[in-house]
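One structure is given below, encoded as structure tokens.
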Amino acid sequence: LSFETSEISGVKSKLTSLASSQQGLIENWSQESNNAGELWSISATLRVPADKLEATIEQVSKFGKLLSSNVSNNDVTTQVLDIDARVSALQTSVERLQKLMADAKSTADLLAAETALAQRQAELDSLLQQQKYLKDAVSMSTLYVSAFAEGRGPIAAPTSFVDGIQQGWKALVAFFAGSIVAIGIATPWLLIAVPVGAIVFVVIRRIAVRRRNAR
């Protein structure tokens, strides 16, 4: 969701208060200023309970002039059920291997059970992390918000004659700096091309003279 506002400086506090009121949080935050040091863009990632997403979107839409809005759904129910089943099976396997270790009659049996247990435990830990992520995805929704200052952009427009001269001078300096770099890049090639071109010119000229004399 993106919007434009004349009160860009107050957006952060508004989003923070809104996320808190919806039992959510601001997961990520960033802002940008233009070349004049003016704040012109704010981006935030909000995490709110899934059942409060629509209300949150409605509130954010009131912060300014709505520019764009897009909502997408990702059903992870099947993945959650699959992960739950795999976690349950691995937990049973881990418990069985722990019992085998306790009842091991020889060092070989103990080592084999320990190796198998370490492998199963690693798989279980990985699945538990995936399970946690998916359950969070089911219970919480993500809202990406971008706010832009009304009448501002990444390059500030000149507000006076002096500002215009300064920006024009900077543009001129940048142009000449780029030209100097281009000349620097081309110089090594010119050092090779000029002598070669001169030699080719002399050879062609001599051939032409000989042809004229032969006639």
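Residues are referred to by chain and number: the chain letter is A, B, ... according to the order shown in the structure tokens, the number counts from 1 in that chain, and ligands are numbered separately from 1 in the order shown.
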
Near range 112-122 of chain A, counting only C-alpha atoms, which residues have an atom at most 10 Å away, once you skip same-chain residues fewer than 5 positions from it, shown as a PDB file with all heavy atoms, in the first residue's frame?
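The new file around_26.pdb reads:
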ATOM      1  N   LEU A  90       8.939 -37.634  13.539  1.00  0.00           N
ATOM      2  CA  LEU A  90      10.333 -37.524  13.973  1.00  0.00           C
ATOM      3  C   LEU A  90      10.448 -37.531  15.489  1.00  0.00           C
ATOM      4  O   LEU A  90      11.399 -38.096  16.044  1.00  0.00           O
ATOM      5  CB  LEU A  90      10.958 -36.247  13.405  1.00  0.00           C
ATOM      6  CG  LEU A  90      11.492 -36.359  11.975  1.00  0.00           C
ATOM      7  CD1 LEU A  90      11.947 -34.996  11.470  1.00  0.00           C
ATOM      8  CD2 LEU A  90      12.659 -37.344  11.905  1.00  0.00           C
ATOM      9  N   GLN A  91       9.503 -36.922  16.169  1.00  0.00           N
ATOM     10  CA  GLN A  91       9.526 -36.935  17.634  1.00  0.00           C
ATOM     11  C   GLN A  91       9.397 -38.361  18.150  1.00  0.00           C
ATOM     12  O   GLN A  91      10.081 -38.755  19.108  1.00  0.00           O
ATOM     13  CB  GLN A  91       8.404 -36.049  18.181  1.00  0.00           C
ATOM     14  CG  GLN A  91       8.667 -34.561  18.017  1.00  0.00           C
ATOM     15  CD  GLN A  91       7.487 -33.702  18.454  1.00  0.00           C
ATOM     16  OE1 GLN A  91       6.337 -34.142  18.402  1.00  0.00           O
ATOM     17  NE2 GLN A  91       7.779 -32.469  18.854  1.00  0.00           N
ATOM     18  N   SER A  93      10.313 -41.031  16.471  1.00  0.00           N
ATOM     19  CA  SER A  93      11.571 -41.698  16.122  1.00  0.00           C
ATOM     20  C   SER A  93      12.669 -41.344  17.115  1.00  0.00           C
ATOM     21  O   SER A  93      13.455 -42.218  17.529  1.00  0.00           O
ATOM     22  CB  SER A  93      11.984 -41.305  14.706  1.00  0.00           C
ATOM     23  OG  SER A  93      13.216 -41.893  14.353  1.00  0.00           O
ATOM     24  N   VAL A  94      12.748 -40.083  17.513  1.00  0.00           N
ATOM     25  CA  VAL A  94      13.760 -39.648  18.475  1.00  0.00           C
ATOM     26  C   VAL A  94      13.562 -40.354  19.815  1.00  0.00           C
ATOM     27  O   VAL A  94      14.528 -40.826  20.448  1.00  0.00           O
ATOM     28  CB  VAL A  94      13.705 -38.119  18.658  1.00  0.00           C
ATOM     29  CG1 VAL A  94      14.514 -37.687  19.885  1.00  0.00           C
ATOM     30  CG2 VAL A  94      14.238 -37.420  17.417  1.00  0.00           C
ATOM     31  N   GLU A  95      12.315 -40.447  20.260  1.00  0.00           N
ATOM     32  CA  GLU A  95      12.022 -41.114  21.533  1.00  0.00           C
ATOM     33  C   GLU A  95      12.414 -42.597  21.471  1.00  0.00           C
ATOM     34  O   GLU A  95      12.960 -43.153  22.439  1.00  0.00           O
ATOM     35  CB  GLU A  95      10.536 -40.973  21.857  1.00  0.00           C
ATOM     36  CG  GLU A  95      10.122 -39.545  22.201  1.00  0.00           C
ATOM     37  CD  GLU A  95       8.618 -39.399  22.344  1.00  0.00           C
ATOM     38  OE1 GLU A  95       7.908 -40.419  22.155  1.00  0.00           O
ATOM     39  OE2 GLU A  95       8.163 -38.281  22.624  1.00  0.00           O
ATOM     40  N   ARG A  96      12.159 -43.231  20.319  1.00  0.00           N
ATOM     41  CA  ARG A  96      12.498 -44.646  20.156  1.00  0.00           C
ATOM     42  C   ARG A  96      14.017 -44.846  20.188  1.00  0.00           C
ATOM     43  O   ARG A  96      14.522 -45.782  20.824  1.00  0.00           O
ATOM     44  CB  ARG A  96      11.930 -45.158  18.829  1.00  0.00           C
ATOM     45  CG  ARG A  96      12.094 -46.673  18.655  1.00  0.00           C
ATOM     46  CD  ARG A  96      11.548 -47.156  17.319  1.00  0.00           C
ATOM     47  NE  ARG A  96      10.136 -46.857  17.181  1.00  0.00           N
ATOM     48  CZ  ARG A  96       9.642 -46.008  16.291  1.00  0.00           C
ATOM     49  NH1 ARG A  96      10.459 -45.362  15.467  1.00  0.00           N
ATOM     50  NH2 ARG A  96       8.349 -45.803  16.218  1.00  0.00           N
ATOM     51  N   LEU A  97      14.756 -43.952  19.532  1.00  0.00           N
ATOM     52  CA  LEU A  97      16.220 -44.062  19.514  1.00  0.00           C
ATOM     53  C   LEU A  97      16.807 -43.793  20.904  1.00  0.00           C
ATOM     54  O   LEU A  97      17.806 -44.416  21.294  1.00  0.00           O
ATOM     55  CB  LEU A  97      16.805 -43.073  18.504  1.00  0.00           C
ATOM     56  CG  LEU A  97      16.614 -43.461  17.027  1.00  0.00           C
ATOM     57  CD1 LEU A  97      16.986 -42.304  16.107  1.00  0.00           C
ATOM     58  CD2 LEU A  97      17.461 -44.694  16.688  1.00  0.00           C
ATOM     59  N   GLN A  98      16.212 -42.874  21.631  1.00  0.00           N
ATOM     60  CA  GLN A  98      16.677 -42.620  22.998  1.00  0.00           C
ATOM     61  C   GLN A  98      16.503 -43.867  23.865  1.00  0.00           C
ATOM     62  O   GLN A  98      17.351 -44.177  24.710  1.00  0.00           O
ATOM     63  CB  GLN A  98      15.911 -41.430  23.583  1.00  0.00           C
ATOM     64  CG  GLN A  98      16.293 -40.089  22.965  1.00  0.00           C
ATOM     65  CD  GLN A  98      15.422 -38.948  23.445  1.00  0.00           C
ATOM     66  OE1 GLN A  98      14.287 -39.155  23.883  1.00  0.00           O
ATOM     67  NE2 GLN A  98      15.942 -37.727  23.358  1.00  0.00           N
ATOM     68  N   LYS A  99      15.393 -44.574  23.642  1.00  0.00           N
ATOM     69  CA  LYS A  99      15.156 -45.819  24.393  1.00  0.00           C
ATOM     70  C   LYS A  99      16.166 -46.893  23.989  1.00  0.00           C
ATOM     71  O   LYS A  99      16.669 -47.652  24.828  1.00  0.00           O
ATOM     72  CB  LYS A  99      13.731 -46.304  24.142  1.00  0.00           C
ATOM     73  CG  LYS A  99      13.328 -47.510  25.008  1.00  0.00           C
ATOM     74  CD  LYS A  99      11.876 -47.863  24.796  1.00  0.00           C
ATOM     75  CE  LYS A  99      11.460 -48.981  25.751  1.00  0.00           C
ATOM     76  NZ  LYS A  99      12.278 -50.195  25.624  1.00  0.00           N
ATOM     77  N   LEU A 100      16.484 -46.959  22.668  1.00  0.00           N
ATOM     78  CA  LEU A 100      17.467 -47.935  22.197  1.00  0.00           C
ATOM     79  C   LEU A 100      18.841 -47.661  22.802  1.00  0.00           C
ATOM     80  O   LEU A 100      19.583 -48.600  23.145  1.00  0.00           O
ATOM     81  CB  LEU A 100      17.563 -47.887  20.665  1.00  0.00           C
ATOM     82  CG  LEU A 100      16.390 -48.501  19.894  1.00  0.00           C
ATOM     83  CD1 LEU A 100      16.550 -48.263  18.396  1.00  0.00           C
ATOM     84  CD2 LEU A 100      16.281 -50.006  20.193  1.00  0.00           C
ATOM     85  N   MET A 101      19.186 -46.377  22.935  1.00  0.00           N
ATOM     86  CA  MET A 101      20.466 -46.036  23.557  1.00  0.00           C
ATOM     87  C   MET A 101      20.505 -46.496  25.009  1.00  0.00           C
ATOM     88  O   MET A 101      21.529 -47.007  25.489  1.00  0.00           O
ATOM     89  CB  MET A 101      20.695 -44.525  23.473  1.00  0.00           C
ATOM     90  CG  MET A 101      21.060 -44.017  22.086  1.00  0.00           C
ATOM     91  SD  MET A 101      21.285 -42.210  22.070  1.00  0.00           S
ATOM     92  CE  MET A 101      22.629 -42.037  23.262  1.00  0.00           C
ATOM     93  N   ALA A 102      19.387 -46.290  25.698  1.00  0.00           N
ATOM     94  CA  ALA A 102      19.343 -46.691  27.113  1.00  0.00           C
ATOM     95  C   ALA A 102      19.442 -48.209  27.282  1.00  0.00           C
ATOM     96  O   ALA A 102      19.977 -48.703  28.280  1.00  0.00           O
ATOM     97  CB  ALA A 102      18.046 -46.167  27.743  1.00  0.00           C
ATOM     98  N   ALA A 104      20.991 -50.267  25.055  1.00  0.00           N
ATOM     99  CA  ALA A 104      22.086 -50.818  24.248  1.00  0.00           C
ATOM    100  C   ALA A 104      22.932 -51.779  25.075  1.00  0.00           C
ATOM    101  O   ALA A 104      23.294 -51.496  26.211  1.00  0.00           O
ATOM    102  CB  ALA A 104      22.941 -49.679  23.710  1.00  0.00           C
ATOM    103  N   THR A 107      28.881 -51.508  22.769  1.00  0.00           N
ATOM    104  CA  THR A 107      29.352 -50.189  22.325  1.00  0.00           C
ATOM    105  C   THR A 107      28.925 -49.909  20.890  1.00  0.00           C
ATOM    106  O   THR A 107      28.552 -48.787  20.535  1.00  0.00           O
ATOM    107  CB  THR A 107      30.884 -50.113  22.420  1.00  0.00           C
ATOM    108  OG1 THR A 107      31.294 -50.381  23.763  1.00  0.00           O
ATOM    109  CG2 THR A 107      31.384 -48.744  21.999  1.00  0.00           C
ATOM    110  N   LEU A 127      12.683 -28.944  11.090  1.00  0.00           N
ATOM    111  CA  LEU A 127      11.235 -28.944  10.869  1.00  0.00           C
ATOM    112  C   LEU A 127      10.511 -28.076  11.889  1.00  0.00           C
ATOM    113  O   LEU A 127       9.514 -27.418  11.563  1.00  0.00           O
ATOM    114  CB  LEU A 127      10.695 -30.368  10.928  1.00  0.00           C
ATOM    115  CG  LEU A 127      10.962 -31.246   9.693  1.00  0.00           C
ATOM    116  CD1 LEU A 127      10.423 -32.647   9.919  1.00  0.00           C
ATOM    117  CD2 LEU A 127      10.307 -30.637   8.453  1.00  0.00           C
ATOM    118  N   LEU A 128      11.007 -28.053  13.108  1.00  0.00           N
ATOM    119  CA  LEU A 128      10.389 -27.214  14.144  1.00  0.00           C
ATOM    120  C   LEU A 128      10.494 -25.730  13.779  1.00  0.00           C
ATOM    121  O   LEU A 128       9.577 -24.954  14.030  1.00  0.00           O
ATOM    122  CB  LEU A 128      11.034 -27.480  15.504  1.00  0.00           C
ATOM    123  CG  LEU A 128      10.671 -28.814  16.161  1.00  0.00           C
ATOM    124  CD1 LEU A 128      11.504 -29.038  17.417  1.00  0.00           C
ATOM    125  CD2 LEU A 128       9.175 -28.863  16.502  1.00  0.00           C
TER     126      LEU A 128
END

Which polymer residues have any atom within 9 Å of an atom of range 17-21 of chain A, counting only C-alpha atoms, with same-chain residues fewer than 4 positions away left out, as a list in words?
->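 Result of the neighbour search: Lys12, Ser13, Leu25, Ile26, Leu46, Arg47, Val48, Thr56, Gln59 and Val60 of chain A.
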
Please dump the current selection as a PDB file, in the first residue's frame; keep C-alpha atoms.
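File produced: again-v3.pdb:
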ATOM      1  CA  LYS A  12       6.332   6.931  11.545  1.00  0.00           C
ATOM      2  CA  SER A  13       4.591   7.717  14.839  1.00  0.00           C
ATOM      3  CA  LEU A  25       4.566  -4.478  15.313  1.00  0.00           C
ATOM      4  CA  ILE A  26       6.763  -2.696  12.778  1.00  0.00           C
ATOM      5  CA  LEU A  46       3.951  -4.072   9.513  1.00  0.00           C
ATOM      6  CA  ARG A  47       3.035  -7.411  11.056  1.00  0.00           C
ATOM      7  CA  VAL A  48      -0.510  -7.589  12.392  1.00  0.00           C
ATOM      8  CA  THR A  56      -5.268  -1.891   9.519  1.00  0.00           C
ATOM      9  CA  GLN A  59      -6.694   3.024   8.828  1.00  0.00           C
ATOM     10  CA  VAL A  60      -3.438   3.406   6.857  1.00  0.00           C
TER      11      VAL A  60
END

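The space between CA of Leu1 in chain A and CA of Ser33 in chain A spans 20.2 Å.
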
Using only C-alpha atoms, find the one residue out of A:Lys52, A:Ile180, A:Ser141, A:Gly153 that sits nearest to Ala36 in chain A.
->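 Under the stated criterion, the closest residue is A:Gly153.
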
Check the DSSP output for the backbone and give back, as a ChimeraX atom specification, the residues of range 33-117 of chain A in helix (DSSP H, G or I).
-> /A:50-63,77-102,107-117

Can you list, as a ChimeraX atom specification, every residue of range 55-144 of chain A that DSSP puts in strand (DSSP E)?
-> /A:65-68,140-144

Using only C-alpha atoms: which of A:Ser146, A:Ser30, A:Leu124, A:Arg211 has the shortest distance to Ala85 in chain A =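 Smallest distance to Ala85 in chain A is found for A:Leu124.
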
CA of Thr142 in chain A and CA of Gly24 in chain A are how many Å apart?
-> 9.8 Å
